[in-house]
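Following: one structure in structure tokens, then a few remarks.
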Amino acid sequence: MRTFRRSRIRAAAAAAVTLALGCTALAALPTTAGAAAAGGLVVQYRTSASGATADQSEPWLKVRNTGSASVPLSDVKVRYYFKGDSASAAYRFACSWAVKGCSNITGTFKPLPDPTATADRYLEIAFTAGAGSLAPGADTGDMQLRFHRTDWQPLGQSDDYSFGAGRSTYGDWPRITAQVGAVTAWGEAPEGNGPTDPTDPPTDPPADGPRLFDDFDYSGHTDPRIAANGWSVRSNSGGPGVPGAVWAAENVTFTSQSGNSVMNLETSTAGTGASTVQTEILTQSMKFRNGTYAARVKFSDAPRSGPDGDHLVQTFFTINDLKAPMADDYAEYDFEYLPNGGWGEPSNILYTTSWETYRPDPWEAVNQHSEARQSYAGWHDLVVTIDDRAITYYVDGQLFGTHGAAYLPERPMSINFNQWLIDLAGQSSTTPRSYDQQVDYVLHVKDQVLSPAQVSALVSGYRAAGTTFQDTVPAA
């Protein structure tokens, strides 16, 4: 478990790609390609930043419904594909103005599963329910969008797959895709990244092998089966979190929801270290290394009671101990949701982070992370796979981030869930407040890389058989 404040430093990796597709080739694309109306949507594009390099990229978009039925915009995702300026370059999305309202539009940066010479990531535009629906023949109107490097260095865009230097007025643009649910309704993704390329992953459960599965079907934190099944509910002092806070085992509780047992981690504070109570549950054994880790977790944006605003961290992660500063056999792989920001972020953000090592004093970190600046309140299926090549993170069946071989684990780890406060700077009130993080199940399959669909099938099989716990993973 972590005992020091975390920083977000992405490690540099991967050599630059030398092949490039110039803007002349992009401009030559047909604007009425047959990508159109199978899904009943068309994406139109223009840019007001046409230079080969720019302070920020400005993909201005319209989405038009060419079908015969109304389409809820909350079901639509639009993807703009581009090549990062370096493997470590990070970007930030902004909406300057939109007919539908910028508050109803989100932008998330995600890695491309199969990078090409002109794209290794994409900006995914999504809509809240407040954006409404598109009637047949209607469009969204202007969405004046932009993104820039977080360090505000100039970005190159002449080699970006979706960029069109000559697009000074709106026109159909098949190098930007639109999806309705899981169906591609418009456009052509970069080569190797289409809906049937590569072959769709298997959905059948994998062959038998060492596994841990826990449905968290316990009566309370004192249930003897918790320890017998290899878990420890934390009650010792120490970090991470607010100095002076305690870790309360009694705040880890279990309840039934729709006939299924759910674990709840409650964290509370009244604005002082002495009043702050944090929660954590972890495996007693460090015996987990390569394979698939999965959990269904409910994140919360708002407190169960009291005023909102605390810099809260809600997590699912694996970790081993740091034997010495910058020890190269340290490992940690995190899902961390900050509903109210923190670590310099102003609002909600989800991180996935793969750690090679760190030094607590003076602080130095070697890690790689992916992030999405949007709300993740509600239930989410979280999956991370580790093999001999990479660490891959998924959220709700969608690829969230892929991190390189430099961050692979050298030693086994424990599996952890915790909820804690970074600091007390987010909310100055002394009114008591409490926050909940819930966990439905956890799964680890040793040495097998499962797709999210296979995880779902495996969990469904356990539940159909009435199995609430299994651990056949051998000791390290």
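By order in the structure tokens, chains are A, B, ...; within a chain, residues start at 1; ligands start at 1, following the order shown.
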
Write out as a compact mmCIF listing (two decimals) with N, CA, C and O atoms, in the first residue's frame all residues of segment 33-260 of chain A that backbone DSSP assigns to strand (DSSP E or B).
```txt
# COMPACT_ATOMS: atom_id res chain seq x y z
N LEU A 41 -25.47 8.27 -39.97
CA LEU A 41 -24.81 9.48 -39.49
C LEU A 41 -23.74 9.91 -40.47
O LEU A 41 -23.15 9.09 -41.17
N VAL A 42 -23.47 11.19 -40.51
CA VAL A 42 -22.37 11.75 -41.28
C VAL A 42 -21.65 12.74 -40.36
O VAL A 42 -22.30 13.52 -39.64
N VAL A 43 -20.32 12.72 -40.38
CA VAL A 43 -19.53 13.70 -39.64
C VAL A 43 -18.96 14.70 -40.64
O VAL A 43 -18.30 14.31 -41.61
N GLN A 44 -19.21 15.97 -40.38
CA GLN A 44 -18.63 17.04 -41.18
C GLN A 44 -17.55 17.74 -40.36
O GLN A 44 -17.67 17.87 -39.14
N TYR A 45 -16.52 18.20 -41.07
CA TYR A 45 -15.32 18.71 -40.41
C TYR A 45 -14.81 19.96 -41.10
O TYR A 45 -14.91 20.10 -42.32
N ARG A 46 -14.25 20.86 -40.33
CA ARG A 46 -13.44 21.97 -40.83
C ARG A 46 -12.41 22.29 -39.76
O ARG A 46 -12.52 21.84 -38.61
N THR A 47 -11.40 23.05 -40.11
CA THR A 47 -10.42 23.48 -39.12
C THR A 47 -10.09 24.94 -39.32
O THR A 47 -10.06 25.43 -40.46
N THR A 53 2.19 22.90 -38.09
CA THR A 53 2.29 22.93 -36.63
C THR A 53 1.38 24.05 -36.13
O THR A 53 1.09 25.00 -36.86
N ALA A 54 0.93 23.92 -34.90
CA ALA A 54 0.00 24.89 -34.34
C ALA A 54 0.09 24.86 -32.82
O ALA A 54 0.55 23.87 -32.24
N SER A 57 -4.71 22.14 -31.95
CA SER A 57 -5.47 21.61 -33.08
C SER A 57 -6.93 22.00 -32.87
O SER A 57 -7.44 21.99 -31.75
N PRO A 59 -10.30 20.83 -34.43
CA PRO A 59 -11.29 20.10 -35.22
C PRO A 59 -12.70 20.59 -34.89
O PRO A 59 -13.24 20.31 -33.82
N TRP A 60 -13.29 21.38 -35.80
CA TRP A 60 -14.66 21.83 -35.64
C TRP A 60 -15.55 20.82 -36.34
O TRP A 60 -15.30 20.46 -37.51
N LEU A 61 -16.59 20.39 -35.68
CA LEU A 61 -17.38 19.26 -36.17
C LEU A 61 -18.87 19.56 -36.18
O LEU A 61 -19.36 20.39 -35.40
N LYS A 62 -19.57 18.85 -37.06
CA LYS A 62 -21.02 18.71 -37.02
C LYS A 62 -21.34 17.23 -37.24
O LYS A 62 -20.68 16.56 -38.05
N VAL A 63 -22.33 16.73 -36.54
CA VAL A 63 -22.82 15.37 -36.77
C VAL A 63 -24.24 15.49 -37.30
O VAL A 63 -25.09 16.13 -36.68
N ARG A 64 -24.50 14.86 -38.46
CA ARG A 64 -25.80 14.96 -39.12
C ARG A 64 -26.46 13.58 -39.18
O ARG A 64 -25.81 12.58 -39.47
N ASN A 65 -27.75 13.54 -38.89
CA ASN A 65 -28.53 12.30 -38.94
C ASN A 65 -29.14 12.16 -40.34
O ASN A 65 -30.03 12.91 -40.71
N VAL A 71 -31.86 9.72 -33.14
CA VAL A 71 -30.68 9.11 -32.52
C VAL A 71 -30.33 9.87 -31.25
O VAL A 71 -30.01 11.07 -31.32
N PRO A 72 -30.38 9.24 -30.06
CA PRO A 72 -29.92 9.91 -28.84
C PRO A 72 -28.42 10.20 -28.93
O PRO A 72 -27.62 9.29 -29.17
N VAL A 76 -23.83 8.29 -29.06
CA VAL A 76 -22.92 8.56 -30.17
C VAL A 76 -21.53 8.91 -29.64
O VAL A 76 -21.39 9.66 -28.67
N LYS A 77 -20.51 8.36 -30.29
CA LYS A 77 -19.12 8.72 -30.00
C LYS A 77 -18.42 9.02 -31.32
O LYS A 77 -18.53 8.26 -32.28
N VAL A 78 -17.71 10.14 -31.35
CA VAL A 78 -17.00 10.59 -32.54
C VAL A 78 -15.51 10.55 -32.24
O VAL A 78 -15.06 11.00 -31.17
N ARG A 79 -14.71 10.02 -33.18
CA ARG A 79 -13.28 9.84 -32.94
C ARG A 79 -12.44 10.56 -33.97
O ARG A 79 -12.60 10.36 -35.18
N TYR A 80 -11.54 11.40 -33.48
CA TYR A 80 -10.57 12.13 -34.29
C TYR A 80 -9.20 11.50 -34.03
O TYR A 80 -8.71 11.52 -32.91
N TYR A 81 -8.57 10.94 -35.08
CA TYR A 81 -7.34 10.16 -34.94
C TYR A 81 -6.12 11.02 -35.24
O TYR A 81 -6.09 11.77 -36.22
N PHE A 82 -5.09 10.89 -34.40
CA PHE A 82 -3.89 11.69 -34.63
C PHE A 82 -2.65 10.99 -34.08
O PHE A 82 -2.75 10.01 -33.33
N TYR A 91 -2.15 15.50 -23.70
CA TYR A 91 -2.98 16.50 -24.35
C TYR A 91 -4.19 16.84 -23.48
O TYR A 91 -4.59 16.05 -22.63
N ARG A 92 -4.76 18.02 -23.74
CA ARG A 92 -5.93 18.46 -23.00
C ARG A 92 -6.99 18.95 -23.99
O ARG A 92 -6.69 19.69 -24.92
N PHE A 93 -8.22 18.54 -23.75
CA PHE A 93 -9.36 18.88 -24.60
C PHE A 93 -10.07 20.13 -24.09
O PHE A 93 -10.12 20.38 -22.88
N ALA A 94 -10.63 20.91 -25.02
CA ALA A 94 -11.46 22.05 -24.64
C ALA A 94 -12.53 22.26 -25.71
O ALA A 94 -12.36 21.89 -26.88
N CYS A 95 -13.63 22.82 -25.28
CA CYS A 95 -14.72 23.18 -26.18
C CYS A 95 -14.87 24.70 -26.11
O CYS A 95 -15.13 25.25 -25.03
N SER A 96 -14.67 25.38 -27.23
CA SER A 96 -14.78 26.84 -27.25
C SER A 96 -16.24 27.29 -27.31
O SER A 96 -16.63 28.25 -26.64
N TRP A 97 -17.03 26.62 -28.13
CA TRP A 97 -18.45 26.97 -28.28
C TRP A 97 -19.15 25.84 -29.01
O TRP A 97 -18.56 25.17 -29.86
N ALA A 98 -20.39 25.60 -28.66
CA ALA A 98 -21.17 24.55 -29.32
C ALA A 98 -22.65 24.88 -29.24
O ALA A 98 -23.13 25.35 -28.19
N ILE A 105 -20.75 18.21 -23.85
CA ILE A 105 -19.78 17.55 -24.72
C ILE A 105 -18.53 17.22 -23.91
O ILE A 105 -18.01 18.07 -23.19
N THR A 106 -18.06 16.00 -24.02
CA THR A 106 -16.83 15.58 -23.34
C THR A 106 -15.80 15.13 -24.37
O THR A 106 -16.15 14.70 -25.47
N GLY A 107 -14.55 15.24 -24.01
CA GLY A 107 -13.46 14.78 -24.86
C GLY A 107 -12.46 13.96 -24.07
O GLY A 107 -11.99 14.40 -23.02
N THR A 108 -12.15 12.77 -24.55
CA THR A 108 -11.25 11.84 -23.87
C THR A 108 -10.20 11.34 -24.84
O THR A 108 -10.53 10.96 -25.97
N PHE A 109 -8.94 11.33 -24.42
CA PHE A 109 -7.85 10.83 -25.26
C PHE A 109 -7.60 9.36 -24.93
O PHE A 109 -7.46 8.99 -23.77
N LYS A 110 -7.52 8.55 -25.99
CA LYS A 110 -7.33 7.12 -25.80
C LYS A 110 -6.29 6.61 -26.79
O LYS A 110 -6.17 7.14 -27.90
N PRO A 111 -5.54 5.55 -26.42
CA PRO A 111 -4.55 4.99 -27.33
C PRO A 111 -5.22 4.14 -28.40
O PRO A 111 -6.27 3.54 -28.18
N LEU A 112 -4.62 4.10 -29.57
CA LEU A 112 -5.13 3.28 -30.67
C LEU A 112 -4.60 1.86 -30.51
O LEU A 112 -3.40 1.67 -30.29
N PRO A 113 -5.46 0.84 -30.59
CA PRO A 113 -4.99 -0.54 -30.38
C PRO A 113 -3.84 -0.94 -31.30
O PRO A 113 -2.90 -1.60 -30.88
N ASP A 114 -3.92 -0.53 -32.58
CA ASP A 114 -2.89 -0.87 -33.55
C ASP A 114 -2.36 0.42 -34.17
O ASP A 114 -2.89 0.89 -35.19
N PRO A 115 -1.33 1.03 -33.58
CA PRO A 115 -0.83 2.31 -34.08
C PRO A 115 -0.35 2.21 -35.53
O PRO A 115 0.12 1.16 -35.99
N THR A 116 -0.50 3.31 -36.26
CA THR A 116 -0.04 3.40 -37.64
C THR A 116 0.91 4.58 -37.76
O THR A 116 1.18 5.30 -36.79
N ALA A 119 -1.35 7.69 -36.87
CA ALA A 119 -2.22 7.72 -35.68
C ALA A 119 -1.74 6.70 -34.66
O ALA A 119 -1.49 5.54 -35.00
N ASP A 120 -1.60 7.17 -33.41
CA ASP A 120 -1.35 6.23 -32.31
C ASP A 120 -2.33 6.46 -31.16
O ASP A 120 -2.23 5.84 -30.12
N ARG A 121 -3.29 7.38 -31.37
CA ARG A 121 -4.28 7.70 -30.34
C ARG A 121 -5.45 8.41 -31.02
O ARG A 121 -5.40 8.74 -32.21
N TYR A 122 -6.49 8.65 -30.25
CA TYR A 122 -7.60 9.41 -30.80
C TYR A 122 -8.27 10.22 -29.70
O TYR A 122 -8.17 9.90 -28.51
N LEU A 123 -8.92 11.30 -30.12
CA LEU A 123 -9.77 12.10 -29.25
C LEU A 123 -11.19 11.60 -29.45
O LEU A 123 -11.71 11.66 -30.57
N GLU A 124 -11.80 11.09 -28.38
CA GLU A 124 -13.17 10.59 -28.48
C GLU A 124 -14.12 11.64 -27.92
O GLU A 124 -14.05 12.00 -26.74
N ILE A 125 -15.03 12.11 -28.77
CA ILE A 125 -16.04 13.08 -28.39
C ILE A 125 -17.31 12.33 -28.03
O ILE A 125 -17.80 11.51 -28.81
N ALA A 126 -17.86 12.62 -26.86
CA ALA A 126 -19.10 11.99 -26.41
C ALA A 126 -20.05 13.09 -25.92
O ALA A 126 -19.66 14.25 -25.75
N PHE A 127 -21.29 12.68 -25.68
CA PHE A 127 -22.34 13.64 -25.33
C PHE A 127 -23.07 13.18 -24.07
O PHE A 127 -23.29 11.98 -23.87
N SER A 133 -31.41 14.52 -28.60
CA SER A 133 -31.39 13.58 -29.71
C SER A 133 -31.32 14.33 -31.03
O SER A 133 -31.68 15.51 -31.12
N LEU A 134 -30.87 13.63 -32.06
CA LEU A 134 -30.87 14.16 -33.43
C LEU A 134 -32.05 13.57 -34.18
O LEU A 134 -32.12 12.36 -34.40
N ASP A 139 -28.84 18.20 -37.56
CA ASP A 139 -27.44 18.06 -37.18
C ASP A 139 -27.21 18.76 -35.84
O ASP A 139 -28.09 19.45 -35.32
N MET A 143 -19.75 22.53 -33.43
CA MET A 143 -19.02 22.15 -32.21
C MET A 143 -17.59 22.63 -32.42
O MET A 143 -16.81 21.98 -33.13
N GLN A 144 -17.25 23.76 -31.87
CA GLN A 144 -15.93 24.37 -32.05
C GLN A 144 -15.00 23.82 -30.98
O GLN A 144 -14.89 24.35 -29.87
N LEU A 145 -14.32 22.75 -31.33
CA LEU A 145 -13.51 21.98 -30.39
C LEU A 145 -12.03 22.26 -30.63
O LEU A 145 -11.63 22.66 -31.72
N ARG A 146 -11.24 21.97 -29.62
CA ARG A 146 -9.80 22.15 -29.76
C ARG A 146 -9.08 21.27 -28.75
O ARG A 146 -9.66 20.83 -27.77
N PHE A 147 -7.81 21.01 -29.01
CA PHE A 147 -6.98 20.35 -28.00
C PHE A 147 -5.55 20.82 -28.16
O PHE A 147 -5.13 21.28 -29.23
N HIS A 148 -4.80 20.74 -27.06
CA HIS A 148 -3.43 21.23 -27.07
C HIS A 148 -2.58 20.34 -26.16
O HIS A 148 -3.10 19.56 -25.35
N ARG A 149 -1.28 20.45 -26.31
CA ARG A 149 -0.38 19.74 -25.41
C ARG A 149 -0.49 20.34 -24.01
O ARG A 149 -0.65 21.56 -23.87
N LEU A 155 2.26 21.70 -31.41
CA LEU A 155 1.99 20.32 -31.82
C LEU A 155 2.04 20.22 -33.33
O LEU A 155 1.68 21.15 -34.06
N GLY A 156 2.53 19.09 -33.81
CA GLY A 156 2.54 18.83 -35.24
C GLY A 156 1.27 18.12 -35.65
O GLY A 156 0.82 17.20 -34.97
N GLY A 171 -17.46 20.03 -44.53
CA GLY A 171 -17.73 19.03 -45.54
C GLY A 171 -17.64 17.65 -44.93
O GLY A 171 -17.00 17.46 -43.88
N ASP A 172 -18.28 16.67 -45.56
CA ASP A 172 -18.22 15.30 -45.06
C ASP A 172 -16.76 14.85 -45.00
O ASP A 172 -15.99 15.09 -45.93
N ILE A 176 -12.81 10.85 -39.91
CA ILE A 176 -13.31 10.93 -38.54
C ILE A 176 -14.47 9.96 -38.46
O ILE A 176 -15.35 9.96 -39.34
N THR A 177 -14.48 9.10 -37.44
CA THR A 177 -15.52 8.08 -37.35
C THR A 177 -16.59 8.46 -36.33
O THR A 177 -16.35 9.26 -35.43
N ALA A 178 -17.75 7.87 -36.50
CA ALA A 178 -18.83 8.01 -35.53
C ALA A 178 -19.38 6.63 -35.23
O ALA A 178 -19.56 5.80 -36.14
N GLN A 179 -19.62 6.38 -33.96
CA GLN A 179 -20.20 5.12 -33.53
C GLN A 179 -21.51 5.39 -32.81
O GLN A 179 -21.65 6.38 -32.08
N VAL A 180 -22.48 4.51 -33.04
CA VAL A 180 -23.71 4.49 -32.26
C VAL A 180 -23.69 3.19 -31.48
O VAL A 180 -23.81 2.11 -32.07
N VAL A 183 -21.63 0.06 -32.90
CA VAL A 183 -21.68 -0.01 -34.35
C VAL A 183 -21.05 1.24 -34.96
O VAL A 183 -21.39 2.37 -34.59
N THR A 184 -20.12 1.03 -35.90
CA THR A 184 -19.54 2.16 -36.62
C THR A 184 -20.55 2.65 -37.65
O THR A 184 -20.93 1.93 -38.57
N ALA A 185 -20.99 3.90 -37.47
CA ALA A 185 -22.03 4.46 -38.32
C ALA A 185 -21.48 5.36 -39.42
O ALA A 185 -22.20 5.72 -40.34
N TRP A 186 -20.23 5.75 -39.31
CA TRP A 186 -19.63 6.64 -40.31
C TRP A 186 -18.12 6.57 -40.21
O TRP A 186 -17.55 6.45 -39.13
N ARG A 211 -6.95 -19.39 -10.54
CA ARG A 211 -7.81 -18.21 -10.50
C ARG A 211 -8.13 -17.80 -9.07
O ARG A 211 -8.18 -18.65 -8.18
N LEU A 212 -8.40 -16.52 -8.91
CA LEU A 212 -9.06 -16.00 -7.71
C LEU A 212 -10.36 -15.34 -8.16
O LEU A 212 -10.36 -14.52 -9.08
N PHE A 213 -11.47 -15.73 -7.52
CA PHE A 213 -12.74 -15.05 -7.72
C PHE A 213 -13.38 -14.85 -6.36
O PHE A 213 -13.44 -15.77 -5.55
N ASP A 214 -13.84 -13.62 -6.09
CA ASP A 214 -14.55 -13.36 -4.86
C ASP A 214 -15.74 -12.45 -5.16
O ASP A 214 -15.58 -11.37 -5.74
N TRP A 231 -7.98 -12.31 2.71
CA TRP A 231 -8.08 -10.86 2.72
C TRP A 231 -7.70 -10.29 4.09
O TRP A 231 -7.85 -10.94 5.11
N SER A 232 -7.24 -9.06 4.09
CA SER A 232 -6.98 -8.30 5.31
C SER A 232 -7.71 -6.97 5.20
O SER A 232 -7.54 -6.25 4.21
N VAL A 233 -8.54 -6.65 6.20
CA VAL A 233 -9.20 -5.35 6.25
C VAL A 233 -8.32 -4.44 7.09
O VAL A 233 -8.07 -4.70 8.27
N VAL A 246 -7.09 7.76 10.28
CA VAL A 246 -7.06 6.35 10.67
C VAL A 246 -7.72 5.53 9.57
O VAL A 246 -8.47 6.05 8.74
N TRP A 247 -7.40 4.24 9.58
CA TRP A 247 -8.02 3.28 8.67
C TRP A 247 -8.94 2.40 9.51
O TRP A 247 -8.49 1.71 10.43
N VAL A 252 -15.71 -1.01 6.41
CA VAL A 252 -15.87 -1.92 5.28
C VAL A 252 -17.06 -2.82 5.59
O VAL A 252 -17.01 -3.63 6.51
N THR A 253 -18.14 -2.64 4.84
CA THR A 253 -19.39 -3.34 5.11
C THR A 253 -19.87 -4.06 3.86
O THR A 253 -19.34 -3.85 2.76
N PHE A 254 -20.88 -4.89 4.04
CA PHE A 254 -21.41 -5.70 2.94
C PHE A 254 -22.93 -5.61 2.95
O PHE A 254 -23.56 -5.63 4.02
N THR A 255 -23.50 -5.52 1.75
CA THR A 255 -24.94 -5.40 1.64
C THR A 255 -25.42 -6.17 0.41
O THR A 255 -24.61 -6.53 -0.45
N SER A 256 -26.70 -6.40 0.34
CA SER A 256 -27.29 -7.08 -0.81
C SER A 256 -27.95 -6.06 -1.72
O SER A 256 -28.71 -5.22 -1.26
N GLN A 257 -27.64 -6.14 -3.01
CA GLN A 257 -28.28 -5.28 -4.02
C GLN A 257 -28.78 -6.16 -5.15
O GLN A 257 -28.00 -6.84 -5.81
N ASN A 260 -27.58 -9.62 -5.01
CA ASN A 260 -26.16 -9.85 -5.12
C ASN A 260 -25.43 -9.10 -4.01
O ASN A 260 -25.75 -7.96 -3.70
```

Neighbour list for Thr283 of chain A as an NGL selection string, cut-off 10 Å, only C-alpha atoms, skip fewer than 5 positions in-chain
:A and (226-227 or 229-233 or 288 or 318 or 413-417)

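Checking A:Arg167, A:His369, A:Arg359, A:Lys83 one by one against Glu58 of chain A, counting only C-alpha atoms, you find the shortest gap at A:Arg167.
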
List every residue of segment 76-259 of chain A that DSSP, applied to the backbone of this structure, assigns to helix (DSSP H, G or I), and report them as number ranges by chain.
A: 102-104, 129-131, 224-228, 249-251

Looking at A:Pro303, A:Gly404, A:Gly164, A:Pro409, which one is nearest to Asp436 of chain A, with distances taken over only C-alpha atoms?
A:Pro303

Can you tell me how far atom CA of His444 of chain A sits from atom CA of Thr292 of chain A, in Å to one decimal?
5.5 Å

Can you work out which one of A:Ala475, A:Pro339, A:Ser158, A:Phe469 has the shortest atom-to-atom distance to Ala228 of chain A, counting only C-alpha atoms?
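Smallest separation from Ala228 of chain A among the options: A:Phe469.
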